[in-house]
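Everything below belongs to coords37.csv, which stores CSV, C-alpha atoms.
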```csv
chain,number,residue,atom,x,y,z
A,20,MET,CA,62.2,203.2,128.8
A,21,LYS,CA,59.4,203.4,131.4
A,22,ASN,CA,60.5,200.2,133.0
A,23,PHE,CA,61.2,201.7,136.4
A,24,LYS,CA,61.9,198.3,138.0
A,25,LEU,CA,64.7,197.7,135.5
A,26,HIS,CA,66.3,201.1,136.1
A,27,GLY,CA,66.0,200.6,139.9
A,28,VAL,CA,67.6,197.2,139.7
A,29,VAL,CA,70.5,198.5,137.5
A,30,LEU,CA,71.0,201.5,139.9
A,31,LEU,CA,71.3,199.0,142.8
A,32,LEU,CA,73.8,196.9,140.8
A,33,VAL,CA,75.9,200.1,140.1
A,34,ILE,CA,75.9,201.1,143.7
A,35,ILE,CA,77.0,197.6,144.9
A,36,ALA,CA,79.6,197.3,142.2
A,37,GLU,CA,81.2,200.7,142.9
A,38,LEU,CA,81.2,200.0,146.6
A,39,ILE,CA,83.2,196.8,146.1
A,40,GLY,CA,85.6,198.9,144.0
A,41,ILE,CA,88.7,198.0,142.0
A,42,HIS,CA,90.7,195.0,143.1
A,43,LYS,CA,94.1,193.9,141.7
A,44,PHE,CA,96.0,190.7,142.3
A,45,GLN,CA,99.1,189.0,141.0
A,46,LEU,CA,98.6,185.9,138.8
A,47,GLY,CA,101.9,184.4,137.6
A,48,VAL,CA,103.8,187.1,135.7
A,49,GLY,CA,100.9,189.5,135.2
A,50,VAL,CA,98.4,191.4,137.2
A,51,VAL,CA,94.6,190.7,137.0
A,52,VAL,CA,92.4,193.7,137.5
A,53,LEU,CA,88.8,193.3,138.6
A,54,LEU,CA,86.7,196.4,137.8
A,55,PRO,CA,83.3,197.4,139.1
A,56,MET,CA,81.8,197.0,135.6
A,57,LEU,CA,82.7,193.3,135.7
A,58,TYR,CA,80.8,192.8,139.0
A,59,ALA,CA,77.8,194.7,137.6
A,60,LEU,CA,77.8,192.5,134.6
A,61,ILE,CA,78.1,189.2,136.6
A,62,PHE,CA,75.5,190.2,139.2
A,63,GLY,CA,73.2,191.3,136.3
A,64,ILE,CA,73.5,187.9,134.7
A,65,PHE,CA,72.6,186.2,138.0
A,66,LEU,CA,69.3,188.2,138.2
A,67,ALA,CA,68.0,186.1,135.3
A,68,PRO,CA,65.0,183.8,135.7
A,69,LYS,CA,67.5,180.9,135.6
A,70,PHE,CA,69.1,181.9,138.9
A,71,LEU,CA,67.6,184.5,141.3
A,72,LYS,CA,64.5,185.3,139.2
A,73,VAL,CA,64.6,189.0,140.0
A,74,VAL,CA,64.1,190.1,136.4
A,75,ASN,CA,61.7,188.7,133.8
A,76,LYS,CA,61.7,188.3,130.1
A,77,VAL,CA,60.4,191.8,129.4
A,78,ASP,CA,63.1,193.4,131.7
A,79,MET,CA,65.8,191.5,129.9
A,80,GLN,CA,64.5,192.6,126.5
A,81,ASP,CA,64.2,196.2,127.6
A,82,ALA,CA,67.7,196.1,128.9
A,83,GLY,CA,69.0,194.8,125.6
A,84,SER,CA,67.2,197.5,123.5
A,85,LEU,CA,68.4,200.3,125.8
A,86,LEU,CA,72.1,199.3,125.5
A,87,GLY,CA,72.8,201.0,122.2
A,88,ILE,CA,71.8,204.4,123.6
A,89,THR,CA,73.5,204.0,127.0
A,90,LEU,CA,76.8,203.3,125.1
A,91,MET,CA,76.6,206.7,123.4
A,92,LEU,CA,77.3,208.5,126.7
A,93,LEU,CA,80.5,206.4,127.0
A,94,MET,CA,81.4,207.2,123.4
A,95,ALA,CA,81.0,210.9,124.0
A,96,ARG,CA,83.5,210.6,126.9
A,97,TYR,CA,85.7,208.5,124.7
A,98,GLY,CA,85.8,211.3,122.1
A,99,THR,CA,86.8,213.8,124.8
A,100,LEU,CA,89.6,211.5,125.8
A,101,VAL,CA,91.0,211.4,122.3
A,102,GLY,CA,90.5,215.2,121.5
A,103,PRO,CA,93.3,216.6,123.7
A,104,THR,CA,95.8,214.1,122.3
A,105,LEU,CA,95.1,214.9,118.6
A,106,PRO,CA,98.0,217.3,118.1
A,107,LYS,CA,100.4,214.6,119.2
A,108,ILE,CA,98.7,212.0,117.0
A,109,ILE,CA,98.9,214.2,113.9
A,110,SER,CA,102.7,214.6,114.3
A,111,ALA,CA,103.2,210.8,114.5
A,112,SER,CA,105.7,209.1,112.3
A,113,PRO,CA,104.7,207.2,109.1
A,114,ALA,CA,105.6,203.8,110.7
A,115,LEU,CA,103.2,204.6,113.6
A,116,ILE,CA,100.4,205.5,111.2
A,117,LEU,CA,100.8,202.6,108.8
A,118,GLN,CA,101.0,200.0,111.5
A,119,GLU,CA,97.5,200.8,112.4
A,120,PHE,CA,96.4,198.8,109.3
A,121,GLY,CA,97.9,195.8,111.0
A,122,ASN,CA,94.9,195.8,113.4
A,123,LEU,CA,93.0,194.4,110.5
A,124,GLY,CA,95.1,191.2,110.9
A,125,THR,CA,92.5,190.1,113.4
A,126,ILE,CA,90.1,189.5,110.6
A,127,PHE,CA,92.3,187.2,108.6
A,128,LEU,CA,92.9,184.9,111.6
A,129,GLY,CA,89.6,185.5,113.5
A,130,VAL,CA,87.0,185.0,110.8
A,131,PRO,CA,88.2,181.6,109.5
A,132,LEU,CA,88.6,180.3,113.1
A,133,ALA,CA,85.2,181.6,114.2
A,134,MET,CA,83.6,179.9,111.3
A,135,TYR,CA,85.6,176.7,111.8
A,136,PHE,CA,84.1,176.7,115.4
A,137,GLY,CA,80.6,176.8,113.8
A,138,LEU,CA,79.8,180.4,114.8
A,139,LYS,CA,77.7,182.2,112.2
A,140,ARG,CA,76.6,185.8,112.5
A,141,GLU,CA,78.5,185.9,115.8
A,142,THR,CA,81.6,186.0,113.7
A,143,ILE,CA,80.8,189.5,112.4
A,144,GLY,CA,80.8,191.0,115.9
A,145,ALA,CA,83.5,188.8,117.3
A,146,ALA,CA,86.2,188.9,114.6
A,147,HIS,CA,86.0,192.4,112.9
A,148,SER,CA,88.2,194.0,115.6
A,149,ILE,CA,89.6,193.4,119.1
A,150,ALA,CA,86.2,194.5,120.4
A,151,ARG,CA,86.9,197.5,122.6
A,152,GLU,CA,84.2,200.0,123.6
A,153,PRO,CA,83.8,201.8,120.2
A,154,ASN,CA,83.4,198.5,118.4
A,155,VAL,CA,80.7,197.4,120.9
A,156,ALA,CA,78.9,200.7,120.4
A,157,LEU,CA,79.1,200.3,116.6
A,158,ILE,CA,77.8,196.7,116.6
A,159,GLY,CA,75.1,197.8,119.0
A,160,GLU,CA,73.9,200.5,116.8
A,161,ARG,CA,74.1,198.5,113.6
A,162,TYR,CA,72.8,195.1,114.7
A,163,GLY,CA,71.6,195.5,118.3
A,164,LEU,CA,73.5,194.0,121.1
A,165,ASP,CA,70.8,191.4,121.6
A,166,SER,CA,71.5,190.0,118.2
A,167,ALA,CA,74.0,187.2,117.2
A,168,GLU,CA,76.5,189.9,116.1
A,169,GLY,CA,76.0,191.6,119.5
A,170,ARG,CA,76.7,188.3,121.4
A,171,GLY,CA,79.9,187.9,119.4
A,172,VAL,CA,81.3,191.3,120.1
A,173,MET,CA,80.2,191.2,123.8
A,174,GLY,CA,81.9,187.8,124.2
A,175,VAL,CA,85.3,189.1,123.0
A,176,TYR,CA,84.8,192.4,124.8
A,177,ILE,CA,84.3,190.5,128.1
A,178,SER,CA,87.2,188.1,127.5
A,179,GLY,CA,89.4,191.1,126.8
A,180,THR,CA,88.2,192.9,129.9
A,181,VAL,CA,88.9,189.9,132.1
A,182,PHE,CA,92.2,188.6,130.8
A,183,GLY,CA,93.3,190.9,128.0
A,184,THR,CA,95.8,192.7,130.2
A,185,ILE,CA,97.6,189.6,131.2
A,186,PHE,CA,97.4,188.1,127.7
A,187,PHE,CA,99.0,191.2,126.1
A,188,GLY,CA,101.8,191.2,128.8
A,189,LEU,CA,102.6,187.6,128.0
A,190,MET,CA,102.3,187.9,124.3
A,191,ALA,CA,104.7,190.9,124.1
A,192,SER,CA,107.4,189.1,126.1
A,193,MET,CA,107.0,185.9,124.0
A,194,ALA,CA,107.1,187.9,120.7
A,195,ALA,CA,110.2,189.8,121.9
A,196,ALA,CA,111.9,186.5,123.0
A,197,TYR,CA,111.1,184.3,120.1
A,198,LEU,CA,110.2,186.3,117.0
A,199,PRO,CA,112.5,188.5,114.8
A,200,PHE,CA,110.9,191.8,115.7
A,201,HIS,CA,112.7,195.0,116.8
A,202,PRO,CA,111.3,196.1,120.2
A,203,TYR,CA,110.2,199.4,118.6
A,204,ALA,CA,108.0,197.5,116.2
A,205,LEU,CA,106.5,195.5,119.1
A,206,ALA,CA,105.9,198.7,121.1
A,207,MET,CA,104.1,200.3,118.2
A,208,ALA,CA,102.0,197.2,117.8
A,209,SER,CA,101.0,197.4,121.5
A,210,GLY,CA,98.6,200.2,121.0
A,211,VAL,CA,95.3,198.5,120.1
A,212,GLY,CA,92.9,201.0,121.6
A,213,SER,CA,93.0,199.8,125.2
A,214,ALA,CA,95.2,201.6,127.7
A,215,SER,CA,95.5,198.6,130.1
A,216,MET,CA,96.5,196.2,127.3
A,217,MET,CA,99.0,198.6,125.9
A,218,THR,CA,100.5,199.3,129.3
A,219,ALA,CA,100.9,195.6,130.0
A,220,ALA,CA,102.6,194.9,126.7
A,221,VAL,CA,104.9,197.9,126.9
A,222,GLY,CA,105.6,197.1,130.5
A,223,SER,CA,106.9,193.6,129.5
A,224,LEU,CA,109.0,195.1,126.7
A,225,SER,CA,110.5,197.8,129.0
A,226,ALA,CA,111.4,195.1,131.5
A,227,MET,CA,113.3,193.2,128.8
A,228,TYR,CA,115.0,196.3,127.2
A,229,PRO,CA,115.4,198.8,130.1
A,230,GLN,CA,117.8,201.0,128.1
A,231,MET,CA,115.0,201.7,125.5
A,232,SER,CA,112.2,202.1,128.0
A,233,ASP,CA,111.4,205.7,127.4
A,234,GLN,CA,111.1,205.3,123.6
A,235,LEU,CA,109.0,202.1,124.0
A,236,VAL,CA,106.5,203.8,126.3
A,237,ALA,CA,106.3,206.8,123.9
A,238,PHE,CA,105.6,204.6,120.9
A,239,GLY,CA,103.1,202.5,122.8
A,240,ALA,CA,101.2,205.5,124.1
A,241,ALA,CA,101.2,207.2,120.7
A,242,SER,CA,100.0,204.1,118.9
A,243,ASN,CA,97.3,203.6,121.4
A,244,MET,CA,96.0,207.1,120.9
A,245,LEU,CA,96.0,206.6,117.2
A,246,SER,CA,94.0,203.4,117.5
A,247,GLY,CA,91.6,205.2,119.7
A,248,LEU,CA,91.0,207.7,116.9
A,249,ASP,CA,91.1,205.5,113.8
A,250,GLY,CA,89.7,202.2,115.3
A,251,LEU,CA,86.1,203.3,114.9
A,252,TYR,CA,86.4,204.8,111.4
A,253,MET,CA,88.5,201.8,110.2
A,254,ALA,CA,85.8,199.4,111.6
A,255,ILE,CA,83.0,201.2,109.8
A,256,TRP,CA,84.7,201.6,106.4
A,257,ILE,CA,87.2,198.8,106.2
A,258,ALA,CA,86.9,196.1,108.8
A,259,LEU,CA,83.2,195.5,108.9
A,260,PRO,CA,82.8,195.3,105.1
A,261,LEU,CA,85.9,193.1,104.8
A,262,THR,CA,84.5,190.8,107.6
A,263,GLU,CA,81.1,190.5,105.9
A,264,ARG,CA,82.8,189.6,102.6
A,265,MET,CA,85.1,187.0,104.1
A,266,TYR,CA,82.1,185.6,106.1
A,267,LYS,CA,80.1,185.2,102.9
A,268,HIS,CA,82.8,183.3,101.0
A,269,ILE,CA,83.8,181.1,103.9
A,270,TYR,CA,80.2,180.3,104.5
A,271,LYS,CA,79.8,179.2,100.9
A,272,PHE,CA,83.0,177.1,101.2
A,273,LYS,CA,81.8,175.5,104.4
A,274,TYR,CA,78.0,175.1,103.8
A,275,GLY,CA,77.9,174.9,100.0
A,276,ALA,CA,75.7,178.0,99.5
A,277,TYR,CA,75.8,181.7,100.2
A,278,PRO,CA,74.2,182.7,103.5
A,279,THR,CA,70.4,183.3,103.4
A,280,GLY,CA,67.7,184.1,106.0
A,281,GLU,CA,69.1,184.9,109.4
A,282,ASP,CA,72.6,183.9,108.4
A,283,ALA,CA,72.8,186.6,105.7
A,284,ALA,CA,74.0,190.2,106.2
A,285,LYS,CA,71.3,192.7,107.3
B,174,MET,CA,65.6,195.8,117.5
B,175,LYS,CA,63.4,198.4,119.1
B,176,THR,CA,64.1,202.0,118.1
B,177,TYR,CA,63.6,205.1,120.2
B,178,ASN,CA,62.6,208.7,119.1
B,179,MET,CA,64.7,211.6,120.2
B,180,ILE,CA,62.7,212.5,123.3
B,181,GLU,CA,62.9,208.9,124.5
B,182,THR,CA,66.6,208.9,123.7
B,183,LEU,CA,67.1,212.0,125.8
B,184,ILE,CA,65.3,210.5,128.8
B,185,ILE,CA,67.4,207.3,128.6
B,186,LEU,CA,70.6,209.3,128.4
B,187,VAL,CA,69.5,211.3,131.5
B,188,ILE,CA,68.6,208.1,133.4
B,189,VAL,CA,72.0,206.6,132.6
B,190,GLY,CA,73.7,209.9,133.3
B,191,ILE,CA,72.2,210.0,136.8
B,192,MET,CA,73.4,206.4,137.4
B,193,SER,CA,76.9,207.2,136.2
B,194,LEU,CA,76.9,210.3,138.5
B,195,ILE,CA,76.0,208.1,141.5
B,196,GLY,CA,78.6,205.5,140.5
B,197,ASN,CA,81.2,208.2,139.9
B,198,THR,CA,80.6,209.6,143.3
B,199,ILE,CA,80.9,206.3,145.1
B,200,GLY,CA,83.8,204.8,143.1
B,201,SER,CA,86.1,207.8,142.7
B,202,LYS,CA,87.2,210.9,144.5
B,203,ASN,CA,85.0,213.1,142.3
B,204,GLY,CA,82.2,215.0,144.1
B,205,PHE,CA,78.6,214.6,143.1
B,206,VAL,CA,77.9,218.2,142.1
B,207,GLU,CA,81.3,218.9,140.4
B,208,ALA,CA,80.6,216.0,137.9
B,209,ILE,CA,77.2,217.4,136.8
B,210,PRO,CA,78.5,219.9,134.2
B,211,GLY,CA,80.6,217.2,132.6
B,212,LEU,CA,77.7,214.7,132.4
B,213,LEU,CA,75.4,217.4,130.9
B,214,ILE,CA,78.0,218.1,128.2
B,215,LEU,CA,78.3,214.3,127.5
B,216,ILE,CA,74.5,214.0,127.3
B,217,ALA,CA,74.4,216.9,124.8
B,218,ILE,CA,77.2,215.4,122.7
B,219,ALA,CA,75.5,212.0,122.6
B,220,LEU,CA,72.1,213.5,121.7
B,221,VAL,CA,73.4,215.7,118.9
B,222,GLY,CA,75.6,212.8,117.5
B,223,ILE,CA,72.7,210.4,117.5
B,224,ALA,CA,70.4,213.0,115.8
B,225,MET,CA,73.1,213.5,113.1
B,226,GLY,CA,73.4,209.8,112.5
B,227,LYS,CA,69.6,209.6,112.2
B,228,TYR,CA,68.9,212.6,110.0
B,229,LEU,CA,72.1,213.3,108.0
B,230,PRO,CA,72.5,211.5,104.6
B,231,GLY,CA,75.4,209.1,104.0
B,232,GLY,CA,74.4,206.3,106.4
B,233,ILE,CA,77.3,207.1,108.8
B,234,PRO,CA,76.5,205.6,112.2
B,235,GLY,CA,75.6,208.0,115.1
B,236,VAL,CA,78.5,206.6,117.1
B,237,ALA,CA,81.0,208.0,114.6
B,238,TYR,CA,79.4,211.5,115.0
B,239,VAL,CA,79.4,211.2,118.8
B,240,VAL,CA,83.1,210.3,119.0
B,241,THR,CA,84.1,213.0,116.4
B,242,LEU,CA,82.1,215.7,118.2
B,243,GLY,CA,83.8,214.8,121.5
B,244,CYS,CA,87.2,215.0,119.7
B,245,ILE,CA,86.5,218.4,118.1
B,246,LEU,CA,85.1,220.0,121.3
B,247,THR,CA,88.2,219.1,123.3
B,248,TYR,CA,90.8,219.7,120.6
B,249,PRO,CA,93.4,222.1,122.1
B,250,GLY,CA,92.7,225.7,120.9
B,251,VAL,CA,89.0,225.2,120.0
B,252,PRO,CA,87.0,227.8,121.9
B,253,GLY,CA,85.7,226.3,125.2
B,254,ALA,CA,87.9,223.2,124.9
B,255,ASP,CA,89.7,224.0,128.2
B,256,PHE,CA,86.4,224.4,130.0
B,257,ILE,CA,85.1,221.1,128.6
B,258,ASN,CA,88.4,219.3,129.5
B,259,ALA,CA,88.2,220.6,133.0
B,260,CYS,CA,84.6,219.3,133.4
B,261,MET,CA,85.5,215.9,131.9
B,262,LYS,CA,88.3,215.4,134.5
B,263,LYS,CA,85.5,214.9,137.0
B,264,VAL,CA,83.8,212.2,135.1
B,265,GLY,CA,85.6,208.9,135.1
B,266,PHE,CA,85.6,206.7,132.0
B,267,LEU,CA,85.2,203.5,134.2
B,268,ALA,CA,82.2,205.0,136.1
B,269,LEU,CA,80.4,205.4,132.8
B,270,CYS,CA,81.0,201.7,132.0
B,271,THR,CA,79.4,200.3,135.1
B,272,PRO,CA,75.7,201.1,134.4
B,273,ILE,CA,76.2,199.9,130.8
B,274,LEU,CA,77.6,196.6,131.8
B,275,ALA,CA,74.8,196.2,134.4
B,276,TYR,CA,72.2,196.6,131.6
B,277,ALA,CA,74.3,194.2,129.5
B,278,GLY,CA,74.3,191.7,132.3
B,279,VAL,CA,70.6,191.8,132.7
B,280,SER,CA,70.1,191.5,128.9
B,281,ILE,CA,72.6,188.6,128.7
B,282,GLY,CA,70.3,186.6,131.0
B,283,LYS,CA,68.1,186.1,128.0
B,284,ASP,CA,70.8,184.5,125.8
B,285,LEU,CA,72.5,182.5,128.5
B,286,ASP,CA,72.1,179.3,126.5
B,287,ALA,CA,73.6,180.9,123.4
B,288,PHE,CA,76.5,182.3,125.4
B,289,ALA,CA,77.1,178.9,127.2
B,290,HIS,CA,77.1,177.2,123.8
B,291,SER,CA,79.8,179.5,122.3
B,292,GLY,CA,81.6,180.2,125.6
B,293,TRP,CA,84.9,178.4,125.3
B,294,ARG,CA,85.1,179.0,121.6
B,295,ILE,CA,84.8,182.8,122.1
B,296,VAL,CA,87.6,182.7,124.7
B,297,VAL,CA,89.9,180.8,122.3
B,298,LEU,CA,88.8,183.1,119.5
B,299,SER,CA,89.6,186.2,121.6
B,300,CYS,CA,93.2,185.0,122.1
B,301,VAL,CA,93.6,184.5,118.4
B,302,ILE,CA,92.1,187.9,117.6
B,303,PHE,CA,94.5,189.5,120.1
B,304,VAL,CA,97.4,187.7,118.4
B,305,GLY,CA,96.2,188.8,114.9
B,306,THR,CA,96.0,192.4,115.8
B,307,TYR,CA,99.4,192.4,117.6
B,308,LEU,CA,101.4,190.5,114.9
B,309,GLY,CA,99.7,192.3,112.0
B,310,SER,CA,100.8,195.7,113.4
B,311,ALA,CA,104.2,194.4,114.4
B,312,VAL,CA,104.9,193.1,110.9
B,313,ILE,CA,104.0,196.4,109.3
B,314,ALA,CA,105.9,198.5,111.8
B,315,GLN,CA,109.0,196.3,111.4
B,316,VAL,CA,108.9,196.6,107.6
B,317,ILE,CA,108.4,200.4,107.6
B,318,LEU,CA,111.0,201.1,110.3
B,319,LYS,CA,113.5,199.0,108.4
B,320,TYR,CA,112.7,200.8,105.2
B,321,LEU,CA,113.1,204.2,106.8
B,322,GLY,CA,116.4,203.0,108.4
B,323,GLN,CA,115.1,203.8,111.9
B,324,ILE,CA,116.1,200.4,113.3
```
Written as structure tokens, how would this file's structure read?
Amino acid sequence: MKNFKLHGVVLLLVIIAELIGIHKFQLGVGVVVLLPMLYALIFGIFLAPKFLKVVNKVDMQDAGSLLGITLMLLMARYGTLVGPTLPKIISASPALILQEFGNLGTIFLGVPLAMYFGLKRETIGAAHSIAREPNVALIGERYGLDSAEGRGVMGVYISGTVFGTIFFGLMASMAAAYLPFHPYALAMASGVGSASMMTAAVGSLSAMYPQMSDQLVAFGAASNMLSGLDGLYMAIWIALPLTERMYKHIYKFKYGAYPTGEDAAK
Amino acid sequence: MKTYNMIETLIILVIVGIMSLIGNTIGSKNGFVEAIPGLLILIAIALVGIAMGKYLPGGIPGVAYVVTLGCILTYPGVPGADFINACMKKVGFLALCTPILAYAGVSIGKDLDAFAHSGWRIVVLSCVIFVGTYLGSAVIAQVILKYLGQI
């Protein structure tokens, strides 16, 4: 907290990153968006003793332990984004509300694959959700972002920030072209708690079904608001416990014994 | 993981608040002074939420209280909600992300080897996680819409 050098360095990173500003460019069929937070992250990494040697071990540790609290400010803003949309969320249709549980689908595909790749506690952070801001804050509070779980959630968060938009745009058009889903169902599925991912997915669908465009956009936006509200609660009470349980059983299957020591749940 | 008491927490929130304010001024059209009320409200919400997570029984994480408080205070019709909403319009969501990711970047420097080790795996995993969320929701929506006769 009293590490003034660290705060000074971070302030400088913020100023440089915001001066560079937002840049967008076309890549294939989608748009890649580069945000100031991404520059701040990358420049921050390059200050490490391995590269520019601006920060030392203590600075890096202090930064890690501060992260959990800094995220709370963002979460307060997040709540104030959701609040004004609540009346609309409450009047949503049963299909919209129930499809929210589909977001748990990530656990059933993600946990086995993560463990197949040899990840251990990283799995918990990486595979319990699609790792948007509330999930990063939750993992930060429960495990610390400088833990293995924290590395997992940060890895997926960064991947999503860098190419999530383009991926969702492509995925929606592929699903609409090759899978037997109604466009309404795909639009409802597009709301995963990230406005940019939802917009990209619904944008692709609207381009394919222009006559349904208004309805698709409405379903996507409503579902995204819902995910913004329920994502965190679902992660606390359903997704994290479920991920921990699957982790434990797959661990036993793979390594022949239940996890112990630093591989076990904290 | 190091823990902080409430006074230290407040100081950290104020430091990050000031950085967000500066970033918000540079990166958006919002003025420096007009964003101050919004940030003060955010600091208050965060502080109260963290305290509730710390001292209330039930083991509910502070982050849940923080988000819920933010929702309630801006729910249309709640006294003061219009004022808070107006203040919030001056504080960009992305501007709040920049200092956090700067701290995250500095902190990641410590675990570079671990990140490099799991790098490509995490990228592949991310794609599979996106597919899982999307198809999981699409299957449920399809079944319910069909059942309700809406498609």
Which of A:Ser110, A:Gln234, A:Thr99, A:Thr104 sits closest to chain B [using all atoms listed in the file]: A:Thr99
Give me, as a Markdown table, each residue of stretch 43-130 of chain A that comes within 12 Å of stretch 262-278 of chain B, together with its shortest interatomic pair and the distance in Å at one decimal, counting only C-alpha atoms, with rows ordered by chain and rising residue number.
```
| residue | atom | partner | partner_atom | distance |
| --- | --- | --- | --- | --- |
| A:Leu53 | CA | B:Leu267 | CA | 11.7 |
| A:Leu54 | CA | B:Leu267 | CA | 8.1 |
| A:Pro55 | CA | B:Thr271 | CA | 6.3 |
| A:Met56 | CA | B:Thr271 | CA | 4.1 |
| A:Leu57 | CA | B:Leu274 | CA | 7.2 |
| A:Tyr58 | CA | B:Ala275 | CA | 8.3 |
| A:Ala59 | CA | B:Ala275 | CA | 4.6 |
| A:Leu60 | CA | B:Gly278 | CA | 4.3 |
| A:Ile61 | CA | B:Gly278 | CA | 6.3 |
| A:Phe62 | CA | B:Gly278 | CA | 7.2 |
| A:Gly63 | CA | B:Gly278 | CA | 4.2 |
| A:Ile64 | CA | B:Gly278 | CA | 4.6 |
| A:Phe65 | CA | B:Gly278 | CA | 8.1 |
| A:Leu66 | CA | B:Gly278 | CA | 8.5 |
| A:Ala67 | CA | B:Gly278 | CA | 8.9 |
| A:Val74 | CA | B:Gly278 | CA | 11.1 |
| A:Asp78 | CA | B:Tyr276 | CA | 9.6 |
| A:Met79 | CA | B:Tyr276 | CA | 8.4 |
| A:Gln80 | CA | B:Tyr276 | CA | 10.1 |
| A:Asp81 | CA | B:Tyr276 | CA | 9.0 |
| A:Ala82 | CA | B:Tyr276 | CA | 5.3 |
| A:Gly83 | CA | B:Ala277 | CA | 6.6 |
| A:Ser84 | CA | B:Tyr276 | CA | 9.6 |
| A:Leu85 | CA | B:Tyr276 | CA | 7.9 |
| A:Leu86 | CA | B:Tyr276 | CA | 6.7 |
| A:Gly87 | CA | B:Ile273 | CA | 9.3 |
| A:Ile88 | CA | B:Ile273 | CA | 9.6 |
| A:Thr89 | CA | B:Ile273 | CA | 6.2 |
| A:Leu90 | CA | B:Ile273 | CA | 6.7 |
| A:Met91 | CA | B:Ile273 | CA | 10.1 |
| A:Leu92 | CA | B:Leu269 | CA | 7.5 |
| A:Leu93 | CA | B:Leu269 | CA | 5.9 |
| A:Met94 | CA | B:Phe266 | CA | 9.6 |
| A:Ala95 | CA | B:Phe266 | CA | 10.1 |
| A:Arg96 | CA | B:Phe266 | CA | 6.8 |
| A:Tyr97 | CA | B:Phe266 | CA | 7.5 |
| A:Gly98 | CA | B:Phe266 | CA | 10.9 |
| A:Thr99 | CA | B:Lys262 | CA | 9.9 |
| A:Leu100 | CA | B:Phe266 | CA | 8.8 |
| A:Pro103 | CA | B:Lys262 | CA | 12.0 |
```
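For the atom pair formed by atom CA of A:Leu123 and atom CA of A:Pro153, the distance is 15.3 Å, given to one decimal.
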If you count only C-alpha atoms, which residues fall within 10 Å of A:Gly210, apart from same-chain ones fewer than 6 positions away, as a short mmCIF file (atom, residue, chain, number, x, y, z; two decimals) with C-alpha atoms, in the frame of the given file?
```cif
data_model
loop_
_atom_site.label_atom_id
_atom_site.label_comp_id
_atom_site.auth_asym_id
_atom_site.auth_seq_id
_atom_site.Cartn_x
_atom_site.Cartn_y
_atom_site.Cartn_z
CA LEU A 115 103.20 204.60 113.60
CA GLN A 118 101.00 200.00 111.50
CA GLU A 119 97.50 200.80 112.40
CA ASN A 122 94.90 195.80 113.40
CA MET A 216 96.50 196.20 127.30
CA MET A 217 99.00 198.60 125.90
CA THR A 218 100.50 199.30 129.30
CA ALA A 220 102.60 194.90 126.70
CA VAL A 221 104.90 197.90 126.90
CA PHE A 238 105.60 204.60 120.90
CA GLY A 239 103.10 202.50 122.80
CA ALA A 240 101.20 205.50 124.10
CA ALA A 241 101.20 207.20 120.70
CA SER A 242 100.00 204.10 118.90
CA ASN A 243 97.30 203.60 121.40
CA MET A 244 96.00 207.10 120.90
CA LEU A 245 96.00 206.60 117.20
CA SER A 246 94.00 203.40 117.50
CA GLY A 247 91.60 205.20 119.70
CA THR B 306 96.00 192.40 115.80
CA TYR B 307 99.40 192.40 117.60
CA SER B 310 100.80 195.70 113.40
#
```
Atomic separation - atom CA of A:Ala36 relative to atom CA of A:Glu141, Å: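 About the pair atom CA of A:Glu141 and atom CA of A:Ala36: they are 28.8 Å apart.
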Do you know which residues are at most 7 Å from stretch 290-297 of chain B counting all atoms listed in the file, after dropping those on the same chain fewer than 2 positions away, and could you put them as a CSV table (one decimal) with C-alpha atoms, in the frame of the given file?
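After the write, out04.csv holds the following:
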```csv
chain,number,residue,atom,x,y,z
A,136,PHE,CA,84.1,176.7,115.4
A,174,GLY,CA,81.9,187.8,124.2
A,175,VAL,CA,85.3,189.1,123.0
A,178,SER,CA,87.2,188.1,127.5
B,286,ASP,CA,72.1,179.3,126.5
B,287,ALA,CA,73.6,180.9,123.4
B,288,PHE,CA,76.5,182.3,125.4
B,299,SER,CA,89.6,186.2,121.6
B,300,CYS,CA,93.2,185.0,122.1
B,301,VAL,CA,93.6,184.5,118.4
```
